[in-house]
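Undergrad: Sending over query-v6.txt (compact mmCIF, C-alpha atoms).
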# COMPACT_ATOMS: atom_id res chain seq x y z
CA MET A 12 -20.02 8.47 13.87
CA GLU A 13 -17.22 6.81 12.00
CA LYS A 14 -14.28 9.14 11.45
CA GLU A 15 -13.60 10.12 7.88
CA LYS A 16 -11.13 7.93 6.07
CA GLU A 17 -7.65 9.24 5.33
CA LYS A 18 -7.14 9.98 1.68
CA VAL A 19 -4.24 8.74 -0.45
CA THR A 20 -3.56 9.82 -4.01
CA ILE A 21 -0.98 8.35 -6.34
CA VAL A 22 -0.11 9.86 -9.71
CA VAL A 23 1.18 7.10 -11.98
CA PHE A 24 3.14 8.94 -14.66
CA SER A 25 5.66 6.21 -15.53
CA GLY A 26 4.85 3.28 -17.76
CA GLU A 27 7.38 0.75 -16.54
CA LEU A 28 6.60 -2.53 -14.80
CA ASP A 29 8.70 -1.92 -11.68
CA LYS A 30 7.17 1.50 -11.07
CA ALA A 31 3.64 0.23 -11.68
CA LEU A 32 4.30 -2.61 -9.21
CA ALA A 33 5.45 -0.09 -6.59
CA ALA A 34 2.38 2.08 -7.19
CA PHE A 35 -0.10 -0.82 -6.93
CA ASN A 36 1.73 -2.28 -3.93
CA ILE A 37 1.34 0.98 -2.00
CA ALA A 38 -2.23 1.46 -3.23
CA THR A 39 -3.42 -2.00 -2.15
CA THR A 40 -1.63 -1.72 1.22
CA ALA A 41 -3.14 1.71 1.88
CA ALA A 42 -6.61 0.37 1.02
CA ALA A 43 -6.04 -2.59 3.36
CA MET A 44 -5.05 -0.07 6.06
CA GLY A 45 -8.47 1.48 5.74
CA MET A 46 -7.50 4.46 3.62
CA ASP A 47 -9.40 5.88 0.67
CA VAL A 48 -7.11 5.49 -2.35
CA THR A 49 -7.26 7.10 -5.79
CA MET A 50 -4.71 6.40 -8.53
CA PHE A 51 -4.40 8.88 -11.40
CA PHE A 52 -2.85 7.49 -14.54
CA THR A 53 -1.32 10.00 -16.87
CA PHE A 54 1.08 10.04 -19.85
CA TRP A 55 3.13 6.79 -19.97
CA GLY A 56 1.34 5.64 -16.83
CA LEU A 57 -1.75 4.94 -18.96
CA ASN A 58 0.07 1.85 -20.28
CA ALA A 59 -0.56 -0.01 -17.02
CA ILE A 60 -4.34 0.23 -17.40
CA LYS A 61 -4.66 -0.25 -21.16
CA LYS A 62 -6.27 -3.51 -22.30
CA SER A 63 -3.58 -6.05 -23.18
CA GLU A 64 -5.71 -7.70 -25.86
CA GLY A 65 -7.29 -6.41 -29.03
CA PRO A 66 -6.41 -3.47 -31.25
CA LEU A 67 -5.98 0.10 -30.01
CA ARG A 68 -8.03 2.34 -32.23
CA SER A 69 -6.68 5.82 -32.88
CA LYS A 70 -6.97 8.40 -35.64
CA GLY A 71 -4.14 9.79 -37.76
CA LEU A 72 -0.79 8.38 -38.81
CA MET A 73 1.25 9.86 -35.96
CA ARG A 74 -1.12 8.58 -33.28
CA LYS A 75 -1.30 5.17 -34.95
CA MET A 76 2.51 5.05 -34.94
CA LEU A 77 2.68 6.19 -31.31
CA ASN A 78 0.19 3.56 -30.19
CA TRP A 79 1.96 0.90 -32.21
CA MET A 80 5.31 1.70 -30.59
CA ASN A 81 3.74 2.38 -27.19
CA ARG A 82 1.06 -0.32 -27.23
CA GLY A 83 0.93 -0.80 -23.46
CA GLY A 84 -1.28 -3.12 -21.46
CA SER A 85 -0.12 -4.61 -18.15
CA LYS A 86 1.31 -7.69 -19.87
CA ARG A 87 3.62 -5.58 -22.04
CA LEU A 88 5.17 -3.42 -19.32
CA LYS A 89 8.96 -3.57 -19.17
CA LEU A 90 11.46 -2.95 -16.38
CA SER A 91 12.89 0.57 -16.17
CA LYS A 92 16.37 -0.95 -16.27
CA PHE A 93 17.85 -4.31 -17.29
CA ASN A 94 15.00 -5.01 -19.67
CA MET A 95 17.58 -6.58 -22.03
CA LEU A 96 15.14 -7.03 -24.92
CA GLY A 97 12.59 -8.51 -22.55
CA MET A 98 14.88 -11.08 -20.96
CA GLY A 99 15.39 -9.06 -17.76
CA THR A 100 11.66 -8.47 -17.44
CA TRP A 101 11.00 -12.17 -18.01
CA MET A 102 13.52 -13.08 -15.29
CA ILE A 103 12.08 -10.66 -12.74
CA LYS A 104 8.58 -12.00 -13.40
CA LYS A 105 9.90 -15.54 -12.95
CA LEU A 106 11.63 -14.64 -9.66
CA MET A 107 8.47 -12.95 -8.43
CA ARG A 108 6.39 -16.03 -9.28
CA GLU A 109 8.88 -18.27 -7.49
CA GLU A 110 8.56 -16.11 -4.38
CA ARG A 111 4.75 -16.13 -4.69
CA MET A 112 4.65 -12.37 -5.15
CA PRO A 113 1.53 -11.02 -6.85
CA SER A 114 1.87 -10.13 -10.52
CA ILE A 115 0.85 -6.69 -11.75
CA GLU A 116 -2.42 -8.21 -13.02
CA GLU A 117 -3.11 -9.73 -9.59
CA LEU A 118 -2.32 -6.42 -7.89
CA ILE A 119 -4.73 -4.59 -10.21
CA ALA A 120 -7.43 -7.14 -9.35
CA GLN A 121 -6.68 -6.76 -5.61
CA ALA A 122 -6.78 -2.97 -5.91
CA ASN A 123 -10.17 -3.21 -7.59
CA ARG A 124 -11.50 -5.58 -4.94
CA LEU A 125 -10.25 -3.32 -2.13
CA GLY A 126 -12.01 -0.31 -3.63
CA VAL A 127 -9.00 1.59 -5.01
CA LYS A 128 -10.28 4.09 -7.57
CA LEU A 129 -8.49 4.15 -10.93
CA VAL A 130 -8.74 7.37 -12.90
CA ALA A 131 -7.37 7.89 -16.43
CA CYS A 132 -6.20 11.33 -17.52
CA THR A 133 -8.32 12.63 -20.37
CA THR A 134 -5.66 15.07 -21.60
CA SER A 135 -3.14 12.28 -22.20
CA MET A 136 -5.91 10.20 -23.78
CA GLY A 137 -6.73 13.06 -26.14
CA MET A 138 -3.11 13.63 -27.11
CA MET A 139 -2.54 9.91 -27.72
CA GLY A 140 -5.90 9.47 -29.42
CA LEU A 141 -7.13 6.87 -26.93
CA GLY A 142 -10.84 6.30 -26.28
CA GLU A 143 -12.39 4.91 -23.12
CA ASP A 144 -12.56 1.52 -24.85
CA ALA A 145 -8.73 1.33 -24.79
CA PHE A 146 -8.78 0.72 -21.03
CA ILE A 147 -9.49 -2.20 -18.72
CA PRO A 148 -12.97 -2.26 -17.11
CA GLU A 149 -11.44 -1.69 -13.64
CA VAL A 150 -10.94 1.99 -14.56
CA ASP A 151 -13.55 3.96 -12.62
CA SER A 152 -13.48 7.32 -14.30
CA PHE A 153 -11.84 9.67 -16.77
CA ALA A 154 -10.81 13.10 -15.52
CA GLY A 155 -8.23 15.87 -15.43
CA ALA A 156 -5.75 17.58 -13.11
CA ALA A 157 -8.43 19.45 -11.16
CA THR A 158 -9.96 16.16 -10.07
CA PHE A 159 -6.55 14.98 -8.88
CA LEU A 160 -5.89 18.23 -7.01
CA GLY A 161 -9.37 18.19 -5.52
CA GLN A 162 -8.50 14.82 -3.96
CA ALA A 163 -4.82 15.56 -3.22
CA ARG A 164 -5.58 18.72 -1.23
CA LYS A 165 -7.53 16.52 1.20
CA GLY A 166 -4.93 13.76 1.02
CA THR A 167 -2.52 12.88 3.79
CA VAL A 168 -0.31 10.86 1.45
CA ASN A 169 0.15 12.07 -2.14
CA LEU A 170 2.68 10.33 -4.37
CA PHE A 171 4.01 10.82 -7.88
CA ILE A 172 5.47 7.72 -9.47
CA MET B 24 -1.00 -17.05 23.19
CA LYS B 25 -4.52 -18.33 22.57
CA ALA B 26 -6.08 -17.30 19.27
CA ASP B 27 -9.58 -17.65 17.84
CA ALA B 28 -8.33 -18.07 14.29
CA THR B 29 -5.04 -18.60 12.46
CA LEU B 30 -3.92 -17.19 9.12
CA ASP B 31 -0.91 -18.75 7.41
CA CYS B 32 1.07 -16.17 5.47
CA THR B 33 4.37 -18.05 5.38
CA GLY B 34 6.14 -17.58 2.07
CA LEU B 35 4.24 -14.39 1.32
CA TYR B 36 5.76 -10.94 1.00
CA CYS B 37 4.39 -7.43 1.39
CA PRO B 38 1.63 -6.49 0.63
CA MET B 39 -0.02 -9.94 0.75
CA PRO B 40 0.10 -10.64 4.54
CA ILE B 41 -1.52 -7.26 5.22
CA ILE B 42 -4.18 -7.75 2.55
CA GLU B 43 -4.95 -11.30 3.72
CA THR B 44 -5.10 -10.12 7.35
CA THR B 45 -7.60 -7.42 6.31
CA ASP B 46 -9.78 -10.08 4.66
CA LYS B 47 -9.49 -12.55 7.53
CA MET B 48 -10.35 -9.96 10.18
CA ARG B 49 -13.73 -9.41 8.51
CA GLU B 50 -14.67 -12.97 9.56
CA LEU B 51 -13.86 -12.33 13.24
CA GLU B 52 -16.03 -10.79 15.96
CA ILE B 53 -14.91 -7.75 17.94
CA GLY B 54 -12.65 -8.91 20.79
CA GLN B 55 -11.47 -12.09 19.05
CA VAL B 56 -7.77 -12.72 18.45
CA LEU B 57 -6.17 -13.58 15.12
CA GLU B 58 -2.83 -15.37 14.91
CA ILE B 59 -0.84 -14.66 11.76
CA LEU B 60 2.06 -16.90 10.77
CA ALA B 61 4.66 -15.13 8.64
CA ASP B 62 8.30 -15.38 7.65
CA ASP B 63 8.69 -12.00 5.94
CA LYS B 64 10.57 -9.90 8.50
CA GLY B 65 8.69 -6.78 7.39
CA ILE B 66 5.66 -8.04 9.27
CA LYS B 67 7.27 -7.04 12.59
CA SER B 68 6.98 -3.39 11.68
CA ASP B 69 4.05 -3.64 9.25
CA MET B 70 1.50 -5.29 11.53
CA PRO B 71 1.75 -2.68 14.34
CA ALA B 72 1.40 0.02 11.65
CA TRP B 73 -1.64 -1.73 10.17
CA CYS B 74 -3.19 -2.01 13.64
CA GLU B 75 -2.62 1.64 14.43
CA SER B 76 -4.16 2.69 11.12
CA THR B 77 -7.19 0.39 11.33
CA GLY B 78 -7.89 0.74 15.05
CA ASN B 79 -7.14 -2.88 15.92
CA GLU B 80 -5.00 -3.96 18.87
CA PHE B 81 -1.50 -5.29 18.32
CA LEU B 82 -0.86 -7.90 21.02
CA GLY B 83 2.68 -8.97 20.19
CA ILE B 84 4.98 -11.25 18.24
CA GLU B 85 6.51 -14.61 19.11
CA GLU B 86 9.53 -15.41 16.99
CA GLU B 87 10.88 -18.91 16.53
CA ASN B 88 13.40 -20.21 13.96
CA GLY B 89 12.84 -17.26 11.64
CA GLU B 90 9.05 -17.63 11.76
CA CYS B 91 6.85 -15.04 13.37
CA LYS B 92 3.55 -15.59 15.11
CA VAL B 93 1.77 -12.27 15.23
CA TYR B 94 -1.27 -11.68 17.46
CA VAL B 95 -3.91 -9.08 16.75
CA ARG B 96 -7.18 -8.42 18.60
CA LYS B 97 -10.09 -7.15 16.57
CA ARG B 98 -11.18 -3.78 17.96
CA ALA B 99 -12.88 -2.21 14.96
CA GLU B 100 -15.02 -3.24 12.00
Could you quickly redo this structure as structure tokens?
TA:
Amino acid sequence: MEKEKEKVTIVVFSGELDKALAAFNIATTAAAMGMDVTMFFTFWGLNAIKKSEGPLRSKGLMRKMLNWMNRGGSKRLKLSKFNMLGMGTWMIKKLMREERMPSIEELIAQANRLGVKLVACTTSMGMMGLGEDAFIPEVDSFAGAATFLGQARKGTVNLFI
Amino acid sequence: MKADATLDCTGLYCPMPIIETTDKMRELEIGQVLEILADDKGIKSDMPAWCESTGNEFLGIEEENGECKVYVRKRAE
């Protein structure tokens, strides 16, 4: 009988490009190493898995304002430092392309292909007024903290980014 | 060292050599040897770790002019 796969969980709390890159880098590597990987996206972390195109529908003025200021989508993620009105982010993306490093979009596609499970936090979605249609189709499920803990308690590597 | 297949990962950084090795190994039969060409120094530590985790056999590294030839024998599906 095949031995049970090691479990890895990653909480993606942050919504910045560099942190999302780190999270997806570890997730894809772990999956390639034969581990069972689940990524939980919560709070600002949801930005990495929001659709980049189309409007975000949400109810109420405050939520509309929040989602206008915090639109998200992988293409809009900024560096956690040296963003410099987008110039720093643009430069890092250019350097990464020059070095043939995978973009965040490519890493998300690789993660999906390697069977990494993407889970969006329903509490954050409720607070921000986001429906399931706000997210990219690669998202596997929508769940809460108990689902994360249920996985993490069996996990050998559990990260919070 | 004699290899059954070669994978060129020169110019690629972590995690791509590991991901591409995972894909390439699916095409090999158990017992066959894969040669991986890489110039990211991380491979020297990463490939033994990948082998240990996946149950494949790390055979060794030949280094020449900053380029690594890494040899891995397929031991598991």
Undergrad: Could I get the residues of segment 26-49 of chain B with an atom no further than 7 Å from an atom of segment 33-46 of chain A, each paired with its nearest atom pair and that distance in Å to one decimal, using all atoms listed in the file, sorted by chain and residue number, as CSV?
TA:
residue,atom,partner,partner_atom,distance
B:Pro38,CA,A:Thr40,CA,5.8
B:Ile41,CA,A:Ala43,CA,6.8
B:Ile42,CA,A:Ala43,CA,5.5
B:Thr45,CA,A:Ala43,CA,5.9
Undergrad: Kindly export the residues of the current selection with C-alpha atoms, as a PDB file, in the coordinates of the input.
TA:
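Final output, saved to part.pdb:
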ATOM      1  CA  PRO B  38       1.630  -6.490   0.630  1.00  0.00           C
ATOM      2  CA  ILE B  41      -1.520  -7.260   5.220  1.00  0.00           C
ATOM      3  CA  ILE B  42      -4.180  -7.750   2.550  1.00  0.00           C
ATOM      4  CA  THR B  45      -7.600  -7.420   6.310  1.00  0.00           C
TER       5      THR B  45
END
Undergrad: Neighbours of Lys75 of chain A within 12 Å (all atoms listed in the file; same-chain residues fewer than 5 positions away dropped), as a list in words?
TA: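 Answer for this query is Pro66, Leu67, Arg68, Ser69, Lys70, Met80, Asn81, Arg82, Met138, Met139, Gly140 and Leu141 of chain A.
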Undergrad: Would you list the contacts of segment 77-83 of chain B as a PDB file with C-alpha atoms, in the coordinates of the input, taking every protein, DNA or RNA residue within 6 Å and counting all atoms listed in the file, but skipping same-chain residues closer than 4 positions in sequence?
TA:
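Full text of out-v1.pdb as output:
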ATOM      1  CA  MET A  44      -5.050  -0.070   6.060  1.00  0.00           C
ATOM      2  CA  GLY A  45      -8.470   1.480   5.740  1.00  0.00           C
TER       3      GLY A  45
ATOM      4  CA  PRO B  71       1.750  -2.680  14.340  1.00  0.00           C
ATOM      5  CA  TYR B  94      -1.270 -11.680  17.460  1.00  0.00           C
ATOM      6  CA  VAL B  95      -3.910  -9.080  16.750  1.00  0.00           C
ATOM      7  CA  ARG B  96      -7.180  -8.420  18.600  1.00  0.00           C
ATOM      8  CA  LYS B  97     -10.090  -7.150  16.570  1.00  0.00           C
ATOM      9  CA  ARG B  98     -11.180  -3.780  17.960  1.00  0.00           C
ATOM     10  CA  ALA B  99     -12.880  -2.210  14.960  1.00  0.00           C
TER      11      ALA B  99
END
Undergrad: Per residue of chain B within 9 Å of chain A, what are the shortest atom pair and its distance in Å to one decimal, counting all atoms listed in the file, with rows by chain and residue number, as a tab-separated table?
TA:
residue	atom	partner	partner_atom	distance
B:Gly34	CA	A:Glu110	CA	7.0
B:Leu35	CA	A:Arg111	CA	6.3
B:Tyr36	CA	A:Met112	CA	6.4
B:Cys37	CA	A:Asn36	CA	7.9
B:Pro38	CA	A:Thr40	CA	5.8
B:Met39	CA	A:Pro113	CA	7.8
B:Ile41	CA	A:Ala43	CA	6.8
B:Ile42	CA	A:Ala43	CA	5.5
B:Glu43	CA	A:Ala43	CA	8.8
B:Thr44	CA	A:Ala43	CA	8.6
B:Thr45	CA	A:Ala43	CA	5.9
B:Asp46	CA	A:Ala43	CA	8.5
B:Ala72	CA	A:Met44	CA	8.5
B:Trp73	CA	A:Met44	CA	5.6
B:Cys74	CA	A:Met44	CA	8.0
B:Glu75	CA	A:Met44	CA	8.9
B:Ser76	CA	A:Met44	CA	5.8
B:Thr77	CA	A:Met44	CA	5.7
Undergrad: To one decimal place in Å, what is the distance between atom CA of Val168 of chain A and atom CA of Arg49 of chain B?
TA: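 Between atom CA of Val168 of chain A and atom CA of Arg49 of chain B the gap is 25.3 Å.
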Undergrad: Report, in Å with one decimal, the straight-line distance from atom CA of Ala157 of chain A to atom CA of Glu117 of chain A.
TA: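 Here the two named atoms are 29.7 Å from each other.
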Undergrad: Model the absent atoms of segment 136-155 of chain A so that N, CA and C atoms are present, and write the result as a PDB file, in the frame of the given file.
TA:
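Generated file (part-v1.pdb):
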ATOM      1  N   MET A 136      -5.115  11.027 -22.866  1.00  0.00           N
ATOM      2  CA  MET A 136      -5.910  10.200 -23.780  1.00  0.00           C
ATOM      3  C   MET A 136      -6.175  10.947 -25.084  1.00  0.00           C
ATOM      4  N   GLY A 137      -6.471  12.249 -24.956  1.00  0.00           N
ATOM      5  CA  GLY A 137      -6.730  13.060 -26.140  1.00  0.00           C
ATOM      6  C   GLY A 137      -5.499  13.198 -27.010  1.00  0.00           C
ATOM      7  N   MET A 138      -4.364  13.478 -26.369  1.00  0.00           N
ATOM      8  CA  MET A 138      -3.110  13.630 -27.110  1.00  0.00           C
ATOM      9  C   MET A 138      -2.735  12.343 -27.820  1.00  0.00           C
ATOM     10  N   MET A 139      -2.929  11.210 -27.147  1.00  0.00           N
ATOM     11  CA  MET A 139      -2.540   9.910 -27.720  1.00  0.00           C
ATOM     12  C   MET A 139      -3.649   9.306 -28.586  1.00  0.00           C
ATOM     13  N   GLY A 140      -4.805   9.966 -28.605  1.00  0.00           N
ATOM     14  CA  GLY A 140      -5.900   9.470 -29.420  1.00  0.00           C
ATOM     15  C   GLY A 140      -6.538   8.205 -28.878  1.00  0.00           C
ATOM     16  N   LEU A 141      -6.566   8.077 -27.550  1.00  0.00           N
ATOM     17  CA  LEU A 141      -7.130   6.870 -26.930  1.00  0.00           C
ATOM     18  C   LEU A 141      -8.548   7.124 -26.451  1.00  0.00           C
ATOM     19  N   GLY A 142      -9.460   6.210 -26.771  1.00  0.00           N
ATOM     20  CA  GLY A 142     -10.840   6.300 -26.280  1.00  0.00           C
ATOM     21  C   GLY A 142     -10.976   5.513 -24.988  1.00  0.00           C
ATOM     22  N   GLU A 143     -12.157   5.636 -24.366  1.00  0.00           N
ATOM     23  CA  GLU A 143     -12.390   4.910 -23.120  1.00  0.00           C
ATOM     24  C   GLU A 143     -12.310   3.406 -23.321  1.00  0.00           C
ATOM     25  N   ASP A 144     -12.582   2.961 -24.571  1.00  0.00           N
ATOM     26  CA  ASP A 144     -12.560   1.520 -24.850  1.00  0.00           C
ATOM     27  C   ASP A 144     -11.138   0.950 -24.898  1.00  0.00           C
ATOM     28  N   ALA A 145     -10.122   1.818 -24.792  1.00  0.00           N
ATOM     29  CA  ALA A 145      -8.730   1.330 -24.790  1.00  0.00           C
ATOM     30  C   ALA A 145      -8.333   0.784 -23.425  1.00  0.00           C
ATOM     31  N   PHE A 146      -9.190   1.014 -22.412  1.00  0.00           N
ATOM     32  CA  PHE A 146      -8.780   0.720 -21.030  1.00  0.00           C
ATOM     33  C   PHE A 146      -9.531  -0.469 -20.426  1.00  0.00           C
ATOM     34  N   ILE A 147      -8.887  -1.056 -19.414  1.00  0.00           N
ATOM     35  CA  ILE A 147      -9.490  -2.200 -18.720  1.00  0.00           C
ATOM     36  C   ILE A 147     -10.740  -1.739 -17.962  1.00  0.00           C
ATOM     37  N   PRO A 148     -11.696  -2.664 -17.751  1.00  0.00           N
ATOM     38  CA  PRO A 148     -12.970  -2.260 -17.110  1.00  0.00           C
ATOM     39  C   PRO A 148     -12.817  -1.805 -15.658  1.00  0.00           C
ATOM     40  N   GLU A 149     -11.656  -2.099 -15.035  1.00  0.00           N
ATOM     41  CA  GLU A 149     -11.440  -1.690 -13.640  1.00  0.00           C
ATOM     42  C   GLU A 149     -11.314  -0.168 -13.505  1.00  0.00           C
ATOM     43  N   VAL A 150     -11.062   0.525 -14.617  1.00  0.00           N
ATOM     44  CA  VAL A 150     -10.940   1.990 -14.560  1.00  0.00           C
ATOM     45  C   VAL A 150     -12.292   2.586 -14.195  1.00  0.00           C
ATOM     46  N   ASP A 151     -12.298   3.411 -13.145  1.00  0.00           N
ATOM     47  CA  ASP A 151     -13.550   3.960 -12.620  1.00  0.00           C
ATOM     48  C   ASP A 151     -14.019   5.188 -13.358  1.00  0.00           C
ATOM     49  N   SER A 152     -13.053   6.076 -13.676  1.00  0.00           N
ATOM     50  CA  SER A 152     -13.480   7.320 -14.300  1.00  0.00           C
ATOM     51  C   SER A 152     -12.369   7.949 -15.123  1.00  0.00           C
ATOM     52  N   PHE A 153     -12.745   8.961 -15.867  1.00  0.00           N
ATOM     53  CA  PHE A 153     -11.840   9.670 -16.770  1.00  0.00           C
ATOM     54  C   PHE A 153     -11.918  11.138 -16.374  1.00  0.00           C
ATOM     55  N   ALA A 154     -10.760  11.735 -16.053  1.00  0.00           N
ATOM     56  CA  ALA A 154     -10.810  13.100 -15.520  1.00  0.00           C
ATOM     57  C   ALA A 154      -9.482  13.810 -15.722  1.00  0.00           C
ATOM     58  N   GLY A 155      -9.416  15.053 -15.249  1.00  0.00           N
ATOM     59  CA  GLY A 155      -8.230  15.870 -15.430  1.00  0.00           C
ATOM     60  C   GLY A 155      -7.549  16.254 -14.132  1.00  0.00           C
TER      61      GLY A 155
END
